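Below is the file query.cif, which contains mmCIF, C-alpha atoms.
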data_query
loop_
_atom_site.label_atom_id
_atom_site.label_comp_id
_atom_site.auth_asym_id
_atom_site.auth_seq_id
_atom_site.Cartn_x
_atom_site.Cartn_y
_atom_site.Cartn_z
CA MET I 1447 -55.79 29.62 -10.62
CA VAL I 1448 -55.47 33.19 -11.84
CA VAL I 1449 -54.72 33.44 -15.55
CA SER I 1450 -53.46 36.57 -17.22
CA PRO I 1451 -55.74 37.90 -19.97
CA ASN I 1452 -52.81 37.62 -22.37
CA ASP I 1453 -52.02 33.99 -21.37
CA ARG I 1454 -54.26 31.75 -23.49
CA TYR I 1455 -52.99 28.46 -21.96
CA GLY I 1456 -52.25 29.28 -18.33
CA SER I 1457 -48.94 28.36 -16.61
CA ASP I 1458 -46.33 26.14 -18.32
CA VAL I 1459 -46.82 22.60 -16.97
CA LEU I 1460 -43.19 21.77 -17.89
CA ASN I 1461 -41.84 24.63 -15.81
CA GLY I 1462 -40.06 23.33 -12.68
CA ASP I 1463 -39.22 19.78 -11.61
CA TRP I 1464 -42.11 18.14 -13.43
CA ARG I 1465 -40.42 14.73 -13.40
CA ALA I 1466 -40.15 14.58 -9.61
CA PRO I 1467 -41.76 11.47 -8.05
CA ARG I 1468 -45.05 11.90 -6.25
CA ARG I 1469 -43.38 11.69 -2.83
CA GLY I 1470 -40.50 13.95 -3.83
CA ARG I 1471 -36.87 13.21 -4.59
CA SER I 1472 -34.76 11.01 -2.33
CA THR I 1473 -32.42 12.79 0.09
CA PRO I 1474 -29.18 11.32 1.53
CA THR I 1475 -29.69 10.37 5.18
CA PRO I 1476 -27.07 8.82 7.51
CA ALA I 1477 -28.21 5.45 8.87
CA GLU I 1478 -27.73 6.43 12.49
CA PRO I 1479 -28.74 3.96 15.24
CA ASP I 1480 -32.46 4.06 16.22
CA LEU I 1481 -33.50 5.85 13.02
CA VAL I 1482 -36.87 4.32 12.00
CA VAL I 1483 -37.17 3.62 8.28
CA GLU I 1484 -39.38 1.67 5.91
CA GLU I 1485 -37.94 -0.48 3.12
CA VAL I 1486 -40.09 0.30 0.07
CA GLU I 1487 -40.14 -3.06 -1.73
CA THR I 1488 -40.98 -5.25 1.27
CA GLY I 1489 -42.70 -2.72 3.51
CA TRP I 1490 -40.43 -3.74 6.38
CA VAL I 1491 -40.38 -1.06 9.06
CA GLY I 1492 -37.67 -1.05 11.68
CA ALA I 1493 -35.07 0.92 13.59
CA VAL I 1494 -31.45 0.93 12.47
CA VAL I 1495 -29.41 -1.26 14.81
CA ARG I 1496 -26.14 -1.39 12.91
CA VAL I 1497 -24.42 -0.89 9.56
CA GLU I 1498 -21.69 -3.23 8.42
CA LYS I 1499 -19.77 -4.23 5.33
CA ALA I 1500 -20.59 -7.70 3.99
CA GLY I 1501 -19.72 -9.24 0.63
CA GLY I 1502 -18.12 -6.01 -0.57
CA MET I 1503 -21.20 -3.87 0.13
CA HIS I 1504 -22.66 -1.92 3.07
CA VAL I 1505 -25.68 -3.50 4.74
CA VAL I 1506 -28.12 -1.90 7.19
CA HIS I 1507 -29.88 -4.05 9.82
CA LEU I 1508 -33.43 -2.98 10.75
CA GLU I 1509 -35.20 -4.25 13.89
CA ASP I 1510 -39.00 -4.20 13.84
CA ARG I 1511 -41.30 -3.69 16.86
CA ARG I 1512 -41.32 -7.45 17.54
CA GLY I 1513 -37.54 -7.60 17.85
CA ARG I 1514 -36.99 -9.28 14.49
CA THR I 1515 -34.00 -8.09 12.47
CA LYS I 1516 -33.59 -8.01 8.72
CA ALA I 1517 -30.69 -6.77 6.57
CA PHE I 1518 -30.97 -4.61 3.45
CA PRO I 1519 -28.38 -3.09 1.10
CA LEU I 1520 -27.52 0.44 2.14
CA GLY I 1521 -28.61 3.02 -0.43
CA PRO I 1522 -31.89 4.16 -2.03
CA GLY I 1523 -35.28 2.52 -1.55
CA PHE I 1524 -36.20 3.65 1.99
CA LEU I 1525 -38.75 6.01 3.52
CA VAL I 1526 -38.48 8.14 6.65
CA ASP I 1527 -41.80 9.64 7.78
CA GLY I 1528 -43.13 8.85 4.31
CA ALA I 1529 -40.38 10.76 2.47
CA PRO I 1530 -37.89 8.89 0.26
CA VAL I 1531 -34.30 8.74 1.49
CA THR I 1532 -31.01 7.23 0.41
CA LEU I 1533 -29.36 5.69 3.45
CA THR I 1534 -25.66 6.47 3.78
CA PRO I 1535 -23.05 5.19 6.28
CA PRO I 1536 -23.55 6.75 9.72
CA GLN I 1537 -21.54 9.85 10.54
CA ALA I 1538 -19.65 7.99 13.27
CA ALA I 1539 -18.42 5.47 10.69
CA ALA I 1540 -17.47 8.28 8.33
CA GLY I 1541 -15.56 9.93 11.17
CA THR I 1542 -13.75 6.68 11.92
CA ALA I 1543 -12.81 6.26 8.27
CA LEU I 1544 -11.52 9.84 8.18
CA ALA I 1545 -9.51 9.26 11.33
CA GLU I 1546 -8.00 6.10 9.83
CA ALA I 1547 -7.11 7.97 6.67
CA ARG I 1548 -5.44 10.74 8.67
CA ARG I 1549 -3.58 8.18 10.77
CA ALA I 1550 -2.31 6.47 7.61
CA ALA I 1551 -1.23 9.81 6.17
CA SER I 1552 0.77 10.51 9.33
CA ARG I 1553 2.93 7.44 8.66
CA THR I 1554 5.62 6.89 6.06
CA ALA I 1555 5.65 3.79 3.86
CA SER I 1556 8.07 2.21 6.33
CA GLY I 1557 5.55 2.66 9.17
CA SER I 1558 7.44 5.40 10.99
CA VAL I 1559 5.86 8.69 12.07
CA ALA I 1560 5.99 11.24 9.25
CA VAL I 1561 7.79 14.49 10.06
CA GLU I 1562 5.57 17.33 8.86
CA GLY I 1563 7.33 19.79 6.54
CA ALA I 1564 10.76 18.21 7.09
CA ARG I 1565 13.46 19.01 4.56
CA ALA I 1566 16.07 16.53 3.45
CA ARG I 1567 19.11 16.76 5.69
CA VAL I 1568 22.56 17.40 4.31
CA ALA I 1569 24.02 13.96 3.55
CA SER I 1570 25.99 12.43 6.37
CA GLY I 1571 29.30 10.67 5.87
CA SER I 1572 27.67 7.26 6.36
CA ARG I 1573 26.15 5.33 3.47
CA ILE I 1574 24.07 2.26 2.63
CA TYR I 1575 25.25 0.25 -0.38
CA VAL I 1576 22.93 -2.06 -2.34
CA GLU I 1577 23.70 -4.36 -5.23
CA GLY I 1578 21.67 -2.84 -8.04
CA ARG I 1579 19.08 -0.36 -9.27
CA HIS I 1580 16.06 -2.46 -8.35
CA ASP I 1581 17.29 -2.79 -4.77
CA ALA I 1582 17.80 0.96 -4.58
CA GLU I 1583 14.35 1.74 -6.00
CA LEU I 1584 12.66 -0.58 -3.52
CA VAL I 1585 14.53 0.91 -0.56
CA GLU I 1586 13.68 4.40 -1.80
CA LYS I 1587 9.98 3.62 -2.14
CA VAL I 1588 9.59 2.22 1.37
CA TRP I 1589 12.31 3.99 3.39
CA GLY I 1590 13.04 7.08 1.29
CA ASP I 1591 11.29 9.56 3.61
CA ASP I 1592 13.15 8.21 6.63
CA LEU I 1593 16.52 8.27 4.90
CA ARG I 1594 16.10 11.88 3.76
CA VAL I 1595 15.26 12.97 7.29
CA GLU I 1596 18.38 11.17 8.55
CA GLY I 1597 20.59 12.41 5.69
CA VAL I 1598 21.56 8.89 4.57
CA VAL I 1599 22.35 8.25 0.90
CA VAL I 1600 21.82 4.84 -0.77
CA GLU I 1601 24.38 3.98 -3.47
CA LEU I 1602 24.73 1.17 -6.00
CA MET I 1603 27.61 -1.32 -6.05
CA ASP I 1604 26.69 -3.07 -9.33
CA GLY I 1605 27.33 -6.44 -7.74
CA VAL I 1606 29.39 -7.72 -4.82
CA ASP I 1607 32.22 -9.56 -6.59
CA ASP I 1608 34.75 -6.99 -5.34
CA LEU I 1609 33.06 -6.22 -2.02
CA ALA I 1610 36.33 -6.07 -0.09
CA GLY I 1611 37.72 -3.52 -2.54
CA ILE I 1612 34.53 -1.46 -2.42
CA ILE I 1613 34.69 -1.30 1.36
CA ALA I 1614 38.38 -0.40 1.37
CA GLU I 1615 37.76 2.38 -1.16
CA PHE I 1616 34.94 3.80 0.99
CA GLN I 1617 37.37 4.10 3.93
CA PRO I 1618 34.90 3.57 6.80
CA GLY I 1619 35.72 5.02 10.18
CA PRO I 1620 34.29 7.24 12.95
CA GLY I 1621 31.42 9.30 11.54
CA ARG I 1622 31.62 7.34 8.30
CA ARG I 1623 29.80 4.04 8.71
CA LEU I 1624 28.90 1.71 5.86
CA GLY I 1625 25.91 -0.63 5.71
CA VAL I 1626 25.79 -3.18 2.90
CA LEU I 1627 22.72 -5.09 1.69
CA VAL I 1628 23.53 -8.32 -0.20
CA ASP I 1629 21.16 -10.42 -2.30
CA HIS I 1630 20.94 -14.22 -1.88
CA LEU I 1631 23.05 -14.28 1.26
CA VAL I 1632 22.67 -17.92 2.33
CA PRO I 1633 25.27 -20.44 3.54
CA GLY I 1634 27.30 -22.13 0.84
CA THR I 1635 26.71 -19.51 -1.87
CA LYS I 1636 29.24 -17.37 -3.70
CA GLU I 1637 27.79 -14.35 -1.94
CA ALA I 1638 28.41 -15.91 1.49
CA ARG I 1639 32.09 -16.52 0.64
CA ILE I 1640 32.53 -12.95 -0.65
CA VAL I 1641 30.95 -11.50 2.49
CA ALA I 1642 33.16 -13.67 4.73
CA GLN I 1643 36.28 -12.33 2.97
CA ALA I 1644 35.08 -8.72 3.32
CA GLN I 1645 34.29 -9.17 7.00
CA ALA I 1646 37.84 -10.41 7.58
CA LEU I 1647 39.29 -7.01 6.66
CA PRO I 1648 41.18 -5.78 9.74
CA GLY I 1649 39.87 -2.95 11.89
CA LEU I 1650 36.58 -2.41 10.04
CA SER I 1651 34.03 -4.44 12.01
CA GLN I 1652 33.05 -1.47 14.19
CA HIS I 1653 32.25 0.74 11.19
CA VAL I 1654 30.87 -1.77 8.64
CA ARG I 1655 27.81 -4.00 8.80
CA ILE I 1656 26.93 -6.45 6.02
CA LEU I 1657 23.46 -7.99 5.99
CA GLY I 1658 21.37 -9.66 3.36
CA HIS I 1659 18.29 -11.59 2.43
CA PRO I 1660 17.87 -15.14 1.11
CA TYR I 1661 16.07 -14.29 -2.11
CA VAL I 1662 17.58 -14.95 -5.53
CA ASP I 1663 16.63 -11.41 -6.51
CA VAL I 1664 15.14 -8.47 -4.63
CA TRP I 1665 11.96 -8.99 -6.70
CA GLN I 1666 11.32 -12.02 -4.53
CA SER I 1667 11.25 -9.91 -1.36
CA VAL I 1668 7.85 -8.56 -2.50
CA ARG I 1669 5.12 -10.71 -0.99
CA PRO I 1670 3.79 -13.08 -3.68
CA GLU I 1671 0.20 -12.22 -2.74
CA ARG I 1672 0.74 -8.82 -4.34
CA LEU I 1673 1.03 -10.64 -7.69
CA GLY I 1674 -1.78 -13.08 -7.09
CA TRP I 1675 0.43 -16.00 -6.01
CA GLN I 1676 0.62 -17.97 -2.79
CA ARG I 1677 4.38 -18.40 -3.33
CA TRP I 1678 6.95 -17.35 -5.89
CA PRO I 1679 7.37 -19.95 -8.69
CA VAL I 1680 10.49 -22.12 -8.83
CA ILE I 1681 12.35 -21.32 -12.04
CA PRO I 1682 14.25 -24.29 -13.57
CA ARG I 1683 18.05 -24.17 -13.62
CA GLY I 1684 19.41 -22.84 -16.88
CA THR I 1685 16.59 -20.31 -17.23
CA SER I 1686 17.14 -16.66 -16.36
CA TRP I 1687 15.24 -16.15 -13.13
CA LYS I 1688 13.72 -12.80 -14.11
CA HIS I 1689 12.76 -14.07 -17.57
CA GLY I 1690 11.16 -17.12 -15.98
CA ILE I 1691 9.13 -14.97 -13.58
CA CYS I 1692 7.90 -12.77 -16.42
CA ALA I 1693 6.91 -15.86 -18.40
CA GLU I 1694 4.93 -17.16 -15.40
CA LEU I 1695 3.13 -13.82 -15.21
CA GLY I 1696 2.48 -13.78 -18.94
CA TRP I 1697 4.51 -10.60 -19.39
CA ALA I 1698 6.88 -9.73 -22.24
CA HIS I 1699 10.51 -10.56 -21.47
CA ALA I 1700 12.37 -10.55 -24.77
CA SER I 1701 14.41 -7.42 -24.09
CA GLN I 1702 16.00 -5.56 -21.20
CA ALA I 1703 13.28 -2.93 -21.59
CA ASP I 1704 10.68 -5.66 -21.00
CA ILE I 1705 12.44 -6.72 -17.79
CA ALA I 1706 12.60 -3.09 -16.64
CA ASN I 1707 8.87 -2.68 -17.29
CA ALA I 1708 8.16 -5.90 -15.40
CA TRP I 1709 10.02 -4.56 -12.36
CA LYS I 1710 8.06 -1.31 -12.52
CA ARG I 1711 4.84 -3.30 -12.42
CA ILE I 1712 6.05 -5.35 -9.45
CA LEU I 1713 7.32 -2.26 -7.63
CA GLY I 1714 3.96 -0.63 -8.28
CA THR I 1715 2.27 -3.28 -6.15
CA VAL I 1716 4.32 -2.23 -3.10
CA ARG I 1717 2.44 0.28 -0.99
CA THR I 1718 4.09 -0.02 2.43
CA TYR I 1719 6.52 -2.18 4.38
CA ALA I 1720 3.67 -4.68 4.90
CA ASP I 1721 4.02 -5.74 1.26
CA LEU I 1722 7.60 -6.95 1.81
CA GLU I 1723 8.99 -10.13 3.33
CA PRO I 1724 10.13 -9.85 6.98
CA THR I 1725 13.71 -10.94 6.23
CA LEU I 1726 14.33 -7.95 3.98
CA LEU I 1727 12.58 -5.62 6.40
CA ALA I 1728 14.76 -6.73 9.30
CA SER I 1729 17.99 -6.30 7.34
CA VAL I 1730 17.18 -2.84 5.96
CA GLU I 1731 15.90 -1.56 9.33
CA GLU I 1732 19.06 -2.80 11.08
CA LEU I 1733 21.32 -1.17 8.49
CA ILE I 1734 19.47 2.15 8.86
CA ASP I 1735 19.80 1.95 12.65
CA PHE I 1736 23.49 1.12 12.30
CA VAL I 1737 24.43 4.05 10.08
CA THR I 1738 22.29 6.55 12.03
CA GLU I 1739 23.24 5.52 15.53
CA PRO I 1740 24.01 8.64 17.60
CA GLY I 1741 27.71 9.23 18.01
CA ALA I 1742 28.60 6.59 15.41
#
Would you put the structure from the file into structure tokens?
Amino acid sequence: MVVSPNDRYGSDVLNGDWRAPRRGRSTPTPAEPDLVVEEVETGWVGAVVRVEKAGGMHVVHLEDRRGRTKAFPLGPGFLVDGAPVTLTPPQAAAGTALAEARRAASRTASGSVAVEGARARVASGSRIYVEGRHDAELVEKVWGDDLRVEGVVVELMDGVDDLAGIIAEFQPGPGRRLGVLVDHLVPGTKEARIVAQAQALPGLSQHVRILGHPYVDVWQSVRPERLGWQRWPVIPRGTSWKHGICAELGWAHASQADIANAWKRILGTVRTYADLEPTLLASVEELIDFVTEPGA
């Protein structure tokens, strides 16, 4: 080592990466098939045969020269040609994951093909009516992109007690169809009787379609698994259904603001159409088809 006459102590031993391990620092390396690696703790040497996800973590399977296979957690703790590496998922797997992500991004929440750069169309004369705000927010979250492309507006009725009057006021006709989504539409209910009266209005059947779902409230059309349940709880008669659900969840429900916050939390669990019950899906899809049918 050459030392300058003015340097009494030679080079600075702390200059540079003085903490680096003896074999050097670990480098990320894709666990591609046939890559030969050594697992540091056990000394197991083998070729990568596959990488899979098990128990919430990625595992690499190494086959030694005798054909025996052993699995290790993917990550640090391996050597390739004596140099430390951190094994990462193979590039093919990363490419597959990217392709899946791109495929998901090309779909709307309703599962339809997204239209790149599409602007909302000028509203058509046809409409879809729903009972309340929560219904409208759920339809918007899942089908909003589709409805904007089609130029269909969703409006609130604030209940169905005067459904016949609401339909008559809308004045459906050619180029002005009306689809109506009704909560708790099951035989023998008040809603079923109201719908039957509305459907008896003369001359409107061609331009009006009324469909519904069997749930007490649109909340119940969200799959219970999204809230950690196998099924929605049965709320005793005499108890407000929404208050009872909040109580079951351990959420505040003393005020209307509490109920509104509870719905926001439930709505937040909905990512796509797959988080909704099939009965609601079928009704909404049919209403959209009805009001957007060419030449309607």
Specify as a PDB file with C-alpha atoms, keeping the file's coordinate frame each residue included when the PyMOL selection byres ((chain I and resi 1486-1500) around 12) is applied to this file.
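Okay, result.pdb is ready:
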ATOM      1  CA  PRO I1476     -27.070   8.820   7.510  1.00  0.00           C
ATOM      2  CA  ALA I1477     -28.210   5.450   8.870  1.00  0.00           C
ATOM      3  CA  GLU I1478     -27.730   6.430  12.490  1.00  0.00           C
ATOM      4  CA  PRO I1479     -28.740   3.960  15.240  1.00  0.00           C
ATOM      5  CA  ASP I1480     -32.460   4.060  16.220  1.00  0.00           C
ATOM      6  CA  LEU I1481     -33.500   5.850  13.020  1.00  0.00           C
ATOM      7  CA  VAL I1482     -36.870   4.320  12.000  1.00  0.00           C
ATOM      8  CA  VAL I1483     -37.170   3.620   8.280  1.00  0.00           C
ATOM      9  CA  GLU I1484     -39.380   1.670   5.910  1.00  0.00           C
ATOM     10  CA  GLU I1485     -37.940  -0.480   3.120  1.00  0.00           C
ATOM     11  CA  GLY I1501     -19.720  -9.240   0.630  1.00  0.00           C
ATOM     12  CA  GLY I1502     -18.120  -6.010  -0.570  1.00  0.00           C
ATOM     13  CA  MET I1503     -21.200  -3.870   0.130  1.00  0.00           C
ATOM     14  CA  HIS I1504     -22.660  -1.920   3.070  1.00  0.00           C
ATOM     15  CA  VAL I1505     -25.680  -3.500   4.740  1.00  0.00           C
ATOM     16  CA  VAL I1506     -28.120  -1.900   7.190  1.00  0.00           C
ATOM     17  CA  HIS I1507     -29.880  -4.050   9.820  1.00  0.00           C
ATOM     18  CA  LEU I1508     -33.430  -2.980  10.750  1.00  0.00           C
ATOM     19  CA  GLU I1509     -35.200  -4.250  13.890  1.00  0.00           C
ATOM     20  CA  ASP I1510     -39.000  -4.200  13.840  1.00  0.00           C
ATOM     21  CA  ARG I1511     -41.300  -3.690  16.860  1.00  0.00           C
ATOM     22  CA  ARG I1512     -41.320  -7.450  17.540  1.00  0.00           C
ATOM     23  CA  GLY I1513     -37.540  -7.600  17.850  1.00  0.00           C
ATOM     24  CA  ARG I1514     -36.990  -9.280  14.490  1.00  0.00           C
ATOM     25  CA  THR I1515     -34.000  -8.090  12.470  1.00  0.00           C
ATOM     26  CA  LYS I1516     -33.590  -8.010   8.720  1.00  0.00           C
ATOM     27  CA  ALA I1517     -30.690  -6.770   6.570  1.00  0.00           C
ATOM     28  CA  PHE I1518     -30.970  -4.610   3.450  1.00  0.00           C
ATOM     29  CA  PRO I1519     -28.380  -3.090   1.100  1.00  0.00           C
ATOM     30  CA  LEU I1520     -27.520   0.440   2.140  1.00  0.00           C
ATOM     31  CA  GLY I1521     -28.610   3.020  -0.430  1.00  0.00           C
ATOM     32  CA  PRO I1522     -31.890   4.160  -2.030  1.00  0.00           C
ATOM     33  CA  GLY I1523     -35.280   2.520  -1.550  1.00  0.00           C
ATOM     34  CA  PHE I1524     -36.200   3.650   1.990  1.00  0.00           C
ATOM     35  CA  LEU I1525     -38.750   6.010   3.520  1.00  0.00           C
ATOM     36  CA  VAL I1526     -38.480   8.140   6.650  1.00  0.00           C
ATOM     37  CA  ASP I1527     -41.800   9.640   7.780  1.00  0.00           C
ATOM     38  CA  GLY I1528     -43.130   8.850   4.310  1.00  0.00           C
ATOM     39  CA  ALA I1529     -40.380  10.760   2.470  1.00  0.00           C
ATOM     40  CA  PRO I1530     -37.890   8.890   0.260  1.00  0.00           C
ATOM     41  CA  VAL I1531     -34.300   8.740   1.490  1.00  0.00           C
ATOM     42  CA  THR I1532     -31.010   7.230   0.410  1.00  0.00           C
ATOM     43  CA  LEU I1533     -29.360   5.690   3.450  1.00  0.00           C
ATOM     44  CA  THR I1534     -25.660   6.470   3.780  1.00  0.00           C
ATOM     45  CA  PRO I1535     -23.050   5.190   6.280  1.00  0.00           C
ATOM     46  CA  PRO I1536     -23.550   6.750   9.720  1.00  0.00           C
ATOM     47  CA  GLN I1537     -21.540   9.850  10.540  1.00  0.00           C
ATOM     48  CA  ALA I1538     -19.650   7.990  13.270  1.00  0.00           C
ATOM     49  CA  ALA I1539     -18.420   5.470  10.690  1.00  0.00           C
ATOM     50  CA  ALA I1540     -17.470   8.280   8.330  1.00  0.00           C
TER      51      ALA I1540
END
Practice problem: Would you translate the PyMOL selection byres ((chain I and resi 1640) around 10) into the concrete set of residues it matches in this file, as JSON, numbers by chain? | Solution: {"I": [1606, 1607, 1608, 1609, 1610, 1631, 1635, 1636, 1637, 1638, 1639, 1641, 1642, 1643, 1644, 1645]}
Practice problem: Give me the result of the PyMOL selection byres ((chain I and resi 1651) around 12) on this file, residue by residue, as an MDAnalysis selection string. | Solution: chainID I and resid 1613 1618:1620 1623:1625 1642 1644:1650 1652:1656 1736
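You will find atom CA of Arg1717 of chain I at 11.4 Å from atom CA of Trp1589 of chain I.
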Quiz prompt | Neighbour list for Val1585 of chain I as a ChimeraX atom specification, cut-off 10 Å, only C-alpha atoms, skip fewer than 3 positions in-chain | solution = /I:1556,1576,1579-1582,1588-1590,1593,1600,1719,1726-1727,1730
Quiz item: Contacts of Trp1709 of chain I at 12 Å or less, counting all atoms listed in the file, minus same-chain residues fewer than 3 places along, as a count of residues only?
Solution: 29
Quiz item: Distance atom CA of Gly1571 of chain I-atom CA of His1659 of chain I, one decimal place?
Solution: 25.1 Å
Self-check item: Selection near Gly1621 of chain I, 10 Å with only C-alpha atoms, sequence-local residues under 6 positions removed, as a list in words
Solution: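 Contacts, in chain order: Ser1570, Gly1571, Ser1572, His1653, Val1737, Thr1738, Glu1739, Pro1740, Gly1741 and Ala1742 of chain I.
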Write the selection just made, keeping C-alpha atoms, as a PDB file, in the coordinates of the input?
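Full text of result_19.pdb as output:
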ATOM      1  CA  SER I1570      25.990  12.430   6.370  1.00  0.00           C
ATOM      2  CA  GLY I1571      29.300  10.670   5.870  1.00  0.00           C
ATOM      3  CA  SER I1572      27.670   7.260   6.360  1.00  0.00           C
ATOM      4  CA  HIS I1653      32.250   0.740  11.190  1.00  0.00           C
ATOM      5  CA  VAL I1737      24.430   4.050  10.080  1.00  0.00           C
ATOM      6  CA  THR I1738      22.290   6.550  12.030  1.00  0.00           C
ATOM      7  CA  GLU I1739      23.240   5.520  15.530  1.00  0.00           C
ATOM      8  CA  PRO I1740      24.010   8.640  17.600  1.00  0.00           C
ATOM      9  CA  GLY I1741      27.710   9.230  18.010  1.00  0.00           C
ATOM     10  CA  ALA I1742      28.600   6.590  15.410  1.00  0.00           C
TER      11      ALA I1742
END
Exercise. Could you tell me which of I:Asp1629, I:Gly1597, I:Phe1616, I:Val1680 comes closest to Pro1660 of chain I if we count all atoms listed in the file?
Key: I:Asp1629
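Atom to atom, atom CA of Glu1694 of chain I and atom CA of Pro1679 of chain I stand 7.7 Å apart.
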